[in-house]
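Chemist: Input run-v6.json, format and content: JSON, C-alpha atoms.
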[["chain", "number", "residue", "atom", "x", "y", "z"],
["A", 1, "MET", "CA", 92.82, 116.84, -49.05],
["A", 2, "THR", "CA", 92.16, 116.87, -52.78],
["A", 3, "GLY", "CA", 92.85, 114.16, -55.32],
["A", 4, "LEU", "CA", 91.37, 111.17, -53.47],
["A", 5, "SER", "CA", 88.78, 110.55, -56.16],
["A", 6, "SER", "CA", 91.53, 110.17, -58.75],
["A", 7, "TYR", "CA", 93.50, 107.60, -56.75],
["A", 8, "ASP", "CA", 93.22, 104.18, -58.42],
["A", 9, "LEU", "CA", 91.82, 101.99, -55.66],
["A", 10, "ALA", "CA", 90.99, 99.19, -58.10],
["A", 11, "ALA", "CA", 94.67, 98.92, -58.98],
["A", 12, "LEU", "CA", 95.59, 98.93, -55.29],
["A", 13, "VAL", "CA", 93.14, 96.09, -54.61],
["A", 14, "GLU", "CA", 94.75, 94.02, -57.37],
["A", 15, "ARG", "CA", 98.26, 94.78, -56.08],
["A", 16, "VAL", "CA", 97.52, 93.46, -52.61],
["A", 17, "ARG", "CA", 95.77, 90.29, -53.82],
["A", 18, "GLU", "CA", 99.24, 88.78, -54.33],
["A", 19, "HIS", "CA", 99.52, 88.58, -50.54],
["A", 20, "THR", "CA", 97.97, 85.17, -49.92],
["A", 21, "GLY", "CA", 99.19, 84.43, -46.40],
["A", 22, "GLY", "CA", 97.30, 84.55, -43.15],
["A", 23, "GLU", "CA", 94.21, 82.86, -41.74],
["A", 24, "GLN", "CA", 90.80, 84.30, -40.96],
["A", 25, "ASP", "CA", 89.53, 84.29, -37.40],
["A", 26, "ARG", "CA", 87.23, 81.40, -36.46],
["A", 27, "SER", "CA", 86.20, 82.41, -32.95],
["A", 28, "ILE", "CA", 82.57, 82.89, -34.01],
["A", 29, "PRO", "CA", 80.68, 81.49, -37.02],
["A", 30, "ALA", "CA", 80.27, 84.82, -38.83],
["A", 31, "LEU", "CA", 84.03, 85.38, -38.93],
["A", 32, "ALA", "CA", 84.76, 81.79, -39.95],
["A", 33, "SER", "CA", 82.32, 82.02, -42.88],
["A", 34, "ALA", "CA", 83.54, 85.38, -44.24],
["A", 35, "ASP", "CA", 84.88, 85.49, -47.80],
["A", 36, "PRO", "CA", 88.65, 85.11, -47.33],
["A", 37, "ASP", "CA", 89.33, 86.81, -50.66],
["A", 38, "LEU", "CA", 87.39, 90.00, -49.94],
["A", 39, "VAL", "CA", 89.41, 93.21, -50.30],
["A", 40, "ALA", "CA", 87.55, 96.51, -49.93],
["A", 41, "ILE", "CA", 89.04, 99.97, -49.44],
["A", 42, "ALA", "CA", 87.53, 103.41, -48.88],
["A", 43, "LEU", "CA", 89.07, 106.85, -48.35],
["A", 44, "VAL", "CA", 87.38, 109.97, -46.99],
["A", 45, "GLY", "CA", 89.16, 113.32, -46.75],
["A", 46, "VAL", "CA", 88.50, 115.81, -43.99],
["A", 47, "ASP", "CA", 87.05, 118.03, -46.73],
["A", 48, "GLY", "CA", 84.47, 115.33, -47.54],
["A", 49, "GLU", "CA", 86.06, 114.08, -50.77],
["A", 50, "ALA", "CA", 85.72, 110.31, -50.96],
["A", 51, "SER", "CA", 86.74, 107.30, -52.99],
["A", 52, "ALA", "CA", 85.84, 103.62, -52.65],
["A", 53, "SER", "CA", 86.63, 100.30, -54.30],
["A", 54, "ASP", "CA", 83.96, 98.08, -55.83],
["A", 55, "ASP", "CA", 83.27, 95.99, -52.71],
["A", 56, "ALA", "CA", 83.30, 98.89, -50.24],
["A", 57, "GLY", "CA", 79.57, 98.49, -49.61],
["A", 58, "ILE", "CA", 79.83, 94.92, -48.27],
["A", 59, "ALA", "CA", 78.82, 94.80, -44.60],
["A", 60, "PHE", "CA", 80.94, 93.33, -41.82],
["A", 61, "SER", "CA", 80.97, 93.55, -38.02],
["A", 62, "LEU", "CA", 83.22, 96.14, -36.41],
["A", 63, "GLN", "CA", 84.76, 93.77, -33.87],
["A", 64, "SER", "CA", 87.90, 95.40, -32.37],
["A", 65, "ALA", "CA", 87.73, 98.32, -34.80],
["A", 66, "VAL", "CA", 85.05, 99.65, -32.44],
["A", 67, "LYS", "CA", 87.59, 100.21, -29.65],
["A", 68, "PRO", "CA", 88.78, 103.73, -30.55],
["A", 69, "PHE", "CA", 85.18, 104.87, -30.78],
["A", 70, "LEU", "CA", 84.21, 103.32, -27.43],
["A", 71, "PHE", "CA", 87.19, 105.12, -25.90],
["A", 72, "ALA", "CA", 86.06, 108.37, -27.54],
["A", 73, "LEU", "CA", 82.51, 108.05, -26.22],
["A", 74, "ALA", "CA", 83.74, 107.15, -22.73],
["A", 75, "LEU", "CA", 86.06, 110.17, -22.68],
["A", 76, "ALA", "CA", 83.32, 112.49, -23.95],
["A", 77, "ASP", "CA", 80.68, 111.17, -21.54],
["A", 78, "SER", "CA", 83.00, 111.31, -18.52],
["A", 79, "ASN", "CA", 84.52, 114.70, -19.38],
["A", 80, "GLY", "CA", 87.90, 113.01, -19.61],
["A", 81, "ALA", "CA", 87.67, 111.14, -16.31],
["A", 82, "ALA", "CA", 87.88, 107.81, -18.16],
["A", 83, "LEU", "CA", 91.63, 108.42, -18.37],
["A", 84, "ASP", "CA", 91.78, 107.73, -14.64],
["A", 85, "ARG", "CA", 90.19, 104.31, -15.14],
["A", 86, "VAL", "CA", 92.24, 102.93, -18.04],
["A", 87, "GLY", "CA", 95.94, 103.16, -18.92],
["A", 88, "ILE", "CA", 97.32, 104.35, -22.24],
["A", 89, "GLU", "CA", 100.57, 102.37, -22.50],
["A", 90, "PRO", "CA", 101.30, 99.64, -25.09],
["A", 91, "THR", "CA", 101.62, 96.13, -23.68],
["A", 92, "GLY", "CA", 103.65, 94.10, -26.17],
["A", 93, "GLU", "CA", 101.12, 91.32, -25.57],
["A", 94, "ALA", "CA", 98.10, 89.84, -27.33],
["A", 95, "PHE", "CA", 94.82, 91.78, -27.42],
["A", 96, "ASP", "CA", 93.05, 89.31, -25.11],
["A", 97, "ALA", "CA", 95.87, 88.77, -22.61],
["A", 98, "ILE", "CA", 94.59, 88.17, -19.06],
["A", 99, "LYS", "CA", 96.59, 91.01, -17.58],
["A", 100, "LEU", "CA", 95.97, 94.29, -15.76],
["A", 101, "GLU", "CA", 98.32, 97.05, -14.61],
["A", 102, "SER", "CA", 100.30, 96.04, -11.56],
["A", 103, "GLY", "CA", 99.28, 98.03, -8.50],
["A", 104, "THR", "CA", 96.25, 99.72, -10.06],
["A", 105, "GLY", "CA", 94.15, 96.90, -11.50],
["A", 106, "ARG", "CA", 93.48, 99.06, -14.55],
["A", 107, "PRO", "CA", 93.46, 97.73, -18.11],
["A", 108, "PRO", "CA", 96.76, 98.68, -19.79],
["A", 109, "ASN", "CA", 95.08, 100.62, -22.61],
["A", 110, "PRO", "CA", 91.66, 100.99, -24.29],
["A", 111, "MET", "CA", 92.69, 99.13, -27.46],
["A", 112, "VAL", "CA", 92.96, 95.71, -25.80],
["A", 113, "ASN", "CA", 89.90, 93.73, -24.77],
["A", 114, "ALA", "CA", 90.14, 94.54, -21.06],
["A", 115, "GLY", "CA", 90.28, 98.25, -21.86],
["A", 116, "ALA", "CA", 87.36, 98.09, -24.26],
["A", 117, "LEU", "CA", 85.23, 96.20, -21.75],
["A", 118, "LEU", "CA", 85.92, 98.98, -19.26],
["A", 119, "THR", "CA", 85.40, 101.92, -21.62],
["A", 120, "ALA", "CA", 82.11, 100.44, -22.85],
["A", 121, "SER", "CA", 80.97, 100.34, -19.21],
["A", 122, "LEU", "CA", 81.80, 104.05, -18.81],
["A", 123, "VAL", "CA", 79.56, 105.25, -21.63],
["A", 124, "ASP", "CA", 76.41, 107.04, -20.42],
["A", 125, "GLY", "CA", 73.43, 104.83, -19.65],
["A", 126, "GLY", "CA", 71.93, 103.47, -16.46],
["A", 127, "ASP", "CA", 71.84, 99.86, -17.61],
["A", 128, "VAL", "CA", 72.78, 97.56, -20.50],
["A", 129, "ALA", "CA", 70.04, 98.88, -22.76],
["A", 130, "GLY", "CA", 70.95, 102.48, -22.00],
["A", 131, "ARG", "CA", 74.62, 101.98, -22.79],
["A", 132, "ASP", "CA", 73.76, 99.94, -25.89],
["A", 133, "GLY", "CA", 71.60, 102.78, -27.17],
["A", 134, "ARG", "CA", 74.19, 105.47, -26.46],
["A", 135, "ILE", "CA", 76.93, 103.46, -28.20],
["A", 136, "LEU", "CA", 74.84, 102.77, -31.27],
["A", 137, "ARG", "CA", 73.82, 106.42, -31.57],
["A", 138, "GLY", "CA", 77.42, 107.50, -31.10],
["A", 139, "LEU", "CA", 78.79, 105.08, -33.69],
["A", 140, "SER", "CA", 76.08, 106.17, -36.12],
["A", 141, "ALA", "CA", 77.09, 109.80, -35.64],
["A", 142, "PHE", "CA", 80.71, 108.88, -36.38],
["A", 143, "ALA", "CA", 79.59, 107.10, -39.57],
["A", 144, "GLY", "CA", 77.11, 109.77, -40.62],
["A", 145, "ARG", "CA", 74.33, 107.24, -41.06],
["A", 146, "SER", "CA", 72.19, 104.88, -39.02],
["A", 147, "LEU", "CA", 73.98, 101.65, -38.08],
["A", 148, "GLU", "CA", 72.53, 98.37, -36.82],
["A", 149, "VAL", "CA", 73.60, 95.49, -34.57],
["A", 150, "ASP", "CA", 73.76, 91.96, -35.95],
["A", 151, "GLU", "CA", 71.93, 90.18, -33.15],
["A", 152, "GLY", "CA", 73.31, 86.75, -34.08],
["A", 153, "ILE", "CA", 76.88, 87.97, -33.91],
["A", 154, "ALA", "CA", 76.18, 89.77, -30.63],
["A", 155, "ARG", "CA", 74.79, 86.57, -29.14],
["A", 156, "ASP", "CA", 77.81, 84.54, -30.25],
["A", 157, "GLU", "CA", 80.24, 87.17, -28.96],
["A", 158, "HIS", "CA", 78.51, 87.07, -25.59],
["A", 159, "LEU", "CA", 78.19, 83.30, -25.29],
["A", 160, "LEU", "CA", 81.59, 82.37, -26.74],
["A", 161, "GLY", "CA", 83.65, 85.19, -25.23],
["A", 162, "ASP", "CA", 85.15, 83.20, -22.35],
["A", 163, "ARG", "CA", 88.31, 85.32, -22.11],
["A", 164, "ASN", "CA", 86.24, 88.51, -22.05],
["A", 165, "HIS", "CA", 84.20, 87.10, -19.19],
["A", 166, "ALA", "CA", 87.45, 86.20, -17.41],
["A", 167, "LEU", "CA", 88.82, 89.72, -17.90],
["A", 168, "ALA", "CA", 85.59, 91.29, -16.66],
["A", 169, "HIS", "CA", 85.56, 89.13, -13.51],
["A", 170, "LEU", "CA", 89.23, 89.95, -12.90],
["A", 171, "MET", "CA", 88.52, 93.69, -13.14],
["A", 172, "ARG", "CA", 85.53, 93.28, -10.81],
["A", 173, "SER", "CA", 87.75, 91.52, -8.29],
["A", 174, "GLU", "CA", 90.23, 94.41, -8.48],
["A", 175, "GLY", "CA", 87.46, 96.98, -8.00],
["A", 176, "THR", "CA", 88.15, 98.52, -11.41],
["A", 177, "LEU", "CA", 84.92, 97.50, -13.10],
["A", 178, "LYS", "CA", 81.85, 98.95, -11.38],
["A", 179, "VAL", "CA", 79.14, 97.12, -13.35],
["A", 180, "THR", "CA", 78.67, 93.36, -13.28],
["A", 181, "ALA", "CA", 80.92, 91.22, -15.43],
["A", 182, "ASP", "CA", 77.99, 89.99, -17.52],
["A", 183, "ASP", "CA", 76.76, 93.58, -18.04],
["A", 184, "ALA", "CA", 80.20, 94.61, -19.30],
["A", 185, "VAL", "CA", 80.53, 91.66, -21.69],
["A", 186, "ALA", "CA", 76.98, 92.08, -23.00],
["A", 187, "VAL", "CA", 77.51, 95.75, -23.89],
["A", 188, "TYR", "CA", 80.91, 95.13, -25.47],
["A", 189, "ALA", "CA", 79.58, 92.13, -27.45],
["A", 190, "ARG", "CA", 76.85, 94.25, -29.01],
["A", 191, "ALA", "CA", 79.31, 97.02, -29.83],
["A", 192, "CYS", "CA", 81.56, 94.52, -31.64],
["A", 193, "ALA", "CA", 78.51, 93.27, -33.57],
["A", 194, "VAL", "CA", 77.61, 96.65, -35.08],
["A", 195, "LEU", "CA", 77.57, 96.35, -38.87],
["A", 196, "VAL", "CA", 79.46, 98.76, -41.10],
["A", 197, "ASP", "CA", 81.04, 98.68, -44.53],
["A", 198, "ALA", "CA", 84.35, 100.13, -45.67],
["A", 199, "GLN", "CA", 82.68, 103.39, -46.69],
["A", 200, "ALA", "CA", 81.08, 103.92, -43.27],
["A", 201, "LEU", "CA", 84.25, 102.95, -41.41],
["A", 202, "ALA", "CA", 86.31, 105.37, -43.49],
["A", 203, "VAL", "CA", 83.92, 108.18, -42.51],
["A", 204, "MET", "CA", 84.37, 107.16, -38.87],
["A", 205, "GLY", "CA", 88.14, 107.39, -39.28],
["A", 206, "ALA", "CA", 87.80, 110.72, -41.04],
["A", 207, "THR", "CA", 85.70, 112.06, -38.16],
["A", 208, "LEU", "CA", 88.59, 111.32, -35.80],
["A", 209, "ALA", "CA", 91.07, 112.80, -38.28],
["A", 210, "ASN", "CA", 88.88, 115.91, -38.52],
["A", 211, "GLY", "CA", 89.08, 116.64, -34.80],
["A", 212, "GLY", "CA", 85.79, 114.93, -33.96],
["A", 213, "ARG", "CA", 83.61, 116.65, -36.58],
["A", 214, "ASN", "CA", 82.02, 114.40, -39.21],
["A", 215, "PRO", "CA", 83.26, 115.74, -42.57],
["A", 216, "LEU", "CA", 80.09, 114.66, -44.40],
["A", 217, "THR", "CA", 77.36, 115.74, -41.98],
["A", 218, "GLY", "CA", 79.22, 118.55, -40.22],
["A", 219, "GLU", "CA", 78.09, 117.20, -36.83],
["A", 220, "ARG", "CA", 80.43, 117.69, -33.88],
["A", 221, "VAL", "CA", 80.51, 114.09, -32.59],
["A", 222, "ILE", "CA", 83.22, 114.45, -29.91],
["A", 223, "PRO", "CA", 85.35, 117.36, -28.67],
["A", 224, "ALA", "CA", 88.60, 117.98, -30.54],
["A", 225, "ALA", "CA", 90.65, 117.18, -27.43],
["A", 226, "VAL", "CA", 89.01, 113.76, -27.24],
["A", 227, "ALA", "CA", 89.80, 113.07, -30.90],
["A", 228, "ARG", "CA", 93.43, 114.02, -30.22],
["A", 229, "ASP", "CA", 93.64, 111.62, -27.28],
["A", 230, "VAL", "CA", 92.04, 108.76, -29.19],
["A", 231, "VAL", "CA", 94.24, 109.11, -32.28],
["A", 232, "SER", "CA", 97.33, 109.35, -30.07],
["A", 233, "VAL", "CA", 96.51, 106.03, -28.40],
["A", 234, "MET", "CA", 95.70, 104.45, -31.77],
["A", 235, "ALA", "CA", 99.22, 105.38, -32.87],
["A", 236, "THR", "CA", 100.89, 103.65, -29.92],
["A", 237, "CYS", "CA", 98.50, 100.77, -29.19],
["A", 238, "GLY", "CA", 96.11, 100.26, -32.11],
["A", 239, "VAL", "CA", 97.87, 97.28, -33.73],
["A", 240, "TYR", "CA", 98.56, 95.55, -30.41],
["A", 241, "ASP", "CA", 102.02, 93.99, -30.10],
["A", 242, "GLY", "CA", 102.78, 95.05, -33.67],
["A", 243, "SER", "CA", 102.15, 98.76, -33.08],
["A", 244, "GLY", "CA", 105.79, 99.80, -33.12],
["A", 245, "ARG", "CA", 106.51, 98.02, -36.37],
["A", 246, "TRP", "CA", 103.30, 99.41, -37.84],
["A", 247, "MET", "CA", 104.14, 103.01, -37.00],
["A", 248, "ARG", "CA", 107.69, 102.64, -38.31],
["A", 249, "GLY", "CA", 106.55, 101.11, -41.59],
["A", 250, "VAL", "CA", 103.10, 102.61, -42.25],
["A", 251, "GLY", "CA", 103.22, 105.64, -39.97],
["A", 252, "ILE", "CA", 99.44, 106.14, -39.71],
["A", 253, "PRO", "CA", 97.39, 105.82, -36.49],
["A", 254, "ALA", "CA", 95.21, 102.75, -36.99],
["A", 255, "LYS", "CA", 93.10, 100.11, -35.30],
["A", 256, "SER", "CA", 93.03, 96.48, -36.40],
["A", 257, "SER", "CA", 90.26, 93.94, -35.95],
["A", 258, "VAL", "CA", 89.74, 90.17, -36.08],
["A", 259, "SER", "CA", 87.13, 90.71, -38.80],
["A", 260, "GLY", "CA", 90.02, 91.85, -40.99],
["A", 261, "ALA", "CA", 89.02, 95.49, -40.74],
["A", 262, "LEU", "CA", 91.49, 98.32, -40.39],
["A", 263, "VAL", "CA", 90.45, 101.89, -39.65],
["A", 264, "LEU", "CA", 93.05, 104.63, -40.20],
["A", 265, "ALA", "CA", 93.03, 108.28, -39.16],
["A", 266, "VAL", "CA", 95.57, 110.74, -40.57],
["A", 267, "PRO", "CA", 95.09, 113.93, -38.51],
["A", 268, "GLY", "CA", 93.91, 116.84, -40.61],
["A", 269, "VAL", "CA", 94.03, 114.79, -43.80],
["A", 270, "LEU", "CA", 91.79, 111.72, -44.16],
["A", 271, "GLY", "CA", 90.25, 108.60, -42.77],
["A", 272, "ALA", "CA", 90.54, 105.22, -44.46],
["A", 273, "ALA", "CA", 89.15, 101.74, -44.05],
["A", 274, "ILE", "CA", 90.35, 98.43, -45.42],
["A", 275, "ILE", "CA", 88.64, 95.08, -44.98],
["A", 276, "SER", "CA", 90.30, 91.76, -45.82],
["A", 277, "PRO", "CA", 89.72, 88.81, -43.49],
["A", 278, "ARG", "CA", 93.03, 86.92, -43.60],
["A", 279, "LEU", "CA", 95.05, 87.83, -40.50],
["A", 280, "ASP", "CA", 98.69, 87.62, -39.51],
["A", 281, "GLU", "CA", 99.82, 86.10, -36.20],
["A", 282, "ARG", "CA", 99.11, 89.39, -34.40],
["A", 283, "GLY", "CA", 95.53, 89.64, -35.62],
["A", 284, "THR", "CA", 96.07, 92.27, -38.32],
["A", 285, "SER", "CA", 94.78, 91.91, -41.88],
["A", 286, "VAL", "CA", 97.65, 90.76, -44.12],
["A", 287, "ARG", "CA", 96.32, 92.48, -47.22],
["A", 288, "GLY", "CA", 95.11, 95.43, -45.17],
["A", 289, "HIS", "CA", 98.61, 95.98, -43.81],
["A", 290, "ALA", "CA", 100.04, 95.83, -47.32],
["A", 291, "ALA", "CA", 97.42, 98.23, -48.67],
["A", 292, "ALA", "CA", 97.98, 100.70, -45.83],
["A", 293, "GLY", "CA", 101.70, 100.71, -46.52],
["A", 294, "ILE", "CA", 101.14, 101.45, -50.20],
["A", 295, "LEU", "CA", 98.62, 104.20, -49.43],
["A", 296, "SER", "CA", 101.03, 105.75, -46.96],
["A", 297, "ALA", "CA", 103.81, 105.86, -49.54],
["A", 298, "ASP", "CA", 101.67, 106.91, -52.52],
["A", 299, "LEU", "CA", 99.85, 109.71, -50.66],
["A", 300, "ASP", "CA", 102.78, 110.73, -48.43],
["A", 301, "LEU", "CA", 100.86, 109.98, -45.23],
["A", 302, "HIS", "CA", 103.62, 108.70, -42.90],
["A", 303, "ALA", "CA", 103.59, 110.77, -39.73],
["A", 304, "PHE", "CA", 107.37, 111.14, -39.89],
["A", 305, "GLY", "CA", 107.82, 111.06, -43.64],
["A", 306, "ASN", "CA", 109.18, 114.59, -43.77],
["A", 307, "LEU", "CA", 112.31, 113.38, -41.96],
["A", 308, "CYS", "CA", 113.39, 111.34, -44.98]]
Would it be possible to restate this file's structure as structure tokens?

Modeler:
Amino acid sequence: MTGLSSYDLAALVERVREHTGGEQDRSIPALASADPDLVAIALVGVDGEASASDDAGIAFSLQSAVKPFLFALALADSNGAALDRVGIEPTGEAFDAIKLESGTGRPPNPMVNAGALLTASLVDGGDVAGRDGRILRGLSAFAGRSLEVDEGIARDEHLLGDRNHALAHLMRSEGTLKVTADDAVAVYARACAVLVDAQALAVMGATLANGGRNPLTGERVIPAAVARDVVSVMATCGVYDGSGRWMRGVGIPAKSSVSGALVLAVPGVLGAAIISPRLDERGTSVRGHAAAGILSADLDLHAFGNLC
């Protein structure tokens, strides 16, 4: 896509600042202490053209925005067999609901916490350290640069993630999770604690949008069929119990996060990232949602826009 560099992201940032509602997540200290007024946006086309707002280099932890990429790595490492271990249907419930599929014991989809705990356990590696290393290398390949884990955030995610521990034990009791509950939570906690900025996250989204090939480095990160599957599930499940409203209004496959991050992937067109910490009642960035809607309209990105 051409013309991204001429799009006025500074003006977009100022437009969405008028949205002052929402509250930032306070489940761990790093999220509670984030700047509530931060708004950063980055766009990366599948041709490598890029644009970023002034604060797009400010680092934040991926949190739930890591989930599509964990799903991608699990699919790639299992040659698609991960689809037998996790569902792909939306739930209409909160991201951390203590619920599995009736009759199968599977997580309902890979975009909720139960699903991400499971997909992280399916990534190649014989132990916690092995899976940690594979995930960090994989996320770095998506971003096109070396990423790091914030060890303090990882520790807090592990120690304070009571519902994640409960989900992991429930999946163990159902025979769905094959590693120990603590192993699963430890790996997922470190994945959530990987640091990115809006520019890196936009490249990650663009890699999905580009069929699994990083548009900046040219590296084939995941097979095209895996990218298709991941973006499809982002479209139906990526904004949790608000996914239907999101797709009707914004029309772009996306994944939200309690850090206020949003990663978007428009197949064959671009990836985008928005970070703004104030969240609505469903855990989606208030300003990020507004910015995504404006981008969708301005750049004609709605998946079903040609029907209007």

Chemist: Report, in Å to a single decimal, how far apart CA of Ser27 (chain A) and CA of Asp162 (chain A) are.

Modeler: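 CA of Asp162 (chain A) sits 10.7 Å away from CA of Ser27 (chain A).
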
Chemist: Around all listed atoms of region 273-282 of chain A, padded 4 Å per side, what centre and edge lengths does the axis-aligned box have in Å to one decimal, as lines of an AutoDock Vina configuration file?

Modeler:
center_x = 94.2
center_y = 93.9
center_z = -40.1
size_x = 19.2
size_y = 23.6
size_z = 19.4

Chemist: Take the point (96.7, 90.7, -27.1) as written in the file and pick out every residue within 7 Å of it, counting all atoms listed in the file; give the list as a PDB file with C-alpha atoms, keeping the file's coordinate frame.

Modeler:
ATOM      1  CA  GLU A  93     101.120  91.320 -25.570  1.00  0.00           C
ATOM      2  CA  ALA A  94      98.100  89.840 -27.330  1.00  0.00           C
ATOM      3  CA  PHE A  95      94.820  91.780 -27.420  1.00  0.00           C
ATOM      4  CA  ASP A  96      93.050  89.310 -25.110  1.00  0.00           C
ATOM      5  CA  ALA A  97      95.870  88.770 -22.610  1.00  0.00           C
ATOM      6  CA  VAL A 112      92.960  95.710 -25.800  1.00  0.00           C
ATOM      7  CA  TYR A 240      98.560  95.550 -30.410  1.00  0.00           C
ATOM      8  CA  ASP A 241     102.020  93.990 -30.100  1.00  0.00           C
TER       9      ASP A 241
END

Chemist: Please write as a ChimeraX atom specification the list of polymer residues whose atoms come within 12 Å of (96.7, 89.3, -51.6), counting only C-alpha atoms and keeping to the coordinates of the file.

Modeler: /A:12-22,36-40,275-279,285-291

Chemist: Just the residues within 12 Å of Pro29 (chain A), please, counting only C-alpha atoms, with nothing from its chain fewer than 2 positions along; format it as a list in words.

Modeler: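 My reading of the contact set: Gln24, Asp25, Arg26, Ser27, Leu31, Ala32, Ser33, Ala34, Gly152, Ile153, Ala154, Arg155, Asp156, Glu157, Leu160 and Ser259 of chain A.
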
Chemist: One number please: CA of Leu264 (chain A) to CA of Leu147 (chain A), in Å, one decimal.

Modeler: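 Those two atoms sit 19.4 Å apart.
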
Chemist: Using only C-alpha atoms, which protein or nucleic acid residues come within 7 Å of Ser256 (chain A)? Drop anything in the same chain fewer than 3 positions from it, and give the result as a list in words.

Modeler: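 Listing them by chain and then by number gives Ser64, Ala65, Gly238, Val239, Ala261, Leu262, Val263 and Thr284 of chain A.
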
Chemist: Would you write out those residues with C-alpha atoms, as a compact mmCIF listing (two decimals), keeping the file's coordinate frame?

Modeler:
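Produced file out.txt, reproduced below:
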# COMPACT_ATOMS: atom_id res chain seq x y z
CA SER A 64 87.90 95.40 -32.37
CA ALA A 65 87.73 98.32 -34.80
CA GLY A 238 96.11 100.26 -32.11
CA VAL A 239 97.87 97.28 -33.73
CA ALA A 261 89.02 95.49 -40.74
CA LEU A 262 91.49 98.32 -40.39
CA VAL A 263 90.45 101.89 -39.65
CA THR A 284 96.07 92.27 -38.32

Chemist: One number please: CA of Ile28 (chain A) to CA of Ala59 (chain A), in Å, one decimal.

Modeler: 16.4 Å

Chemist: Could you check the closest approach to Gly293 (chain A) for each of A:Pro267, A:Gly249, A:Pro110, A:Gly260 and tell me which residue wins, using all atoms listed in the file?

Modeler: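 Ranking A:Pro267, A:Gly249, A:Pro110, A:Gly260 by distance to Gly293 (chain A), first place goes to A:Gly249.
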
Chemist: I need the residue nearest Ala193 (chain A) from this list: A:Gly251, A:Leu136, A:Val44, A:Asp124. Use only C-alpha atoms for the distance.

Modeler: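 That would be A:Leu136, the residue with the smallest distance to Ala193 (chain A).
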
Chemist: In terms of the shortest atom-to-atom distance over only C-alpha atoms, which of A:Asp47, A:Glu23, A:Asp8, A:Asp182 is closest to Asn210 (chain A)?

Modeler: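 For Asn210 (chain A), the nearest of the given residues is A:Asp47.
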
Chemist: Taking 2 positions as the minimum chain separation for residues in the same chain, which residues sit within 12 Å of His169 (chain A) when counting all atoms listed in the file? Answer as a ChimeraX atom specification.

Modeler: /A:98-100,105,114,117-118,162-167,171-185

Chemist: So, counting all atoms listed in the file, which residue among A:Tyr7, A:Phe60, A:Phe142, A:Tyr188 is closest to Arg220 (chain A)?

Modeler: A:Phe142

Chemist: Per residue of region 220-282 of chain A within 6 Å of region 194-203 of chain A, note the shortest atom pair and the distance in Å to one decimal, counting only C-alpha atoms, and order the rows by chain and increasing residue number, as CSV.

Modeler:
residue,atom,partner,partner_atom,distance
A:Gly271,CA,A:Ala202,CA,5.1
A:Ala272,CA,A:Ala202,CA,4.3
A:Ala273,CA,A:Ala202,CA,4.6

Chemist: So, with all atoms listed in the file as the atoms that count, which of A:Glu89, A:Glu151, A:Asp298, A:Glu101 lies closest to Thr236 (chain A)?

Modeler: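 Closest residue, counting all atoms listed in the file: A:Glu89.
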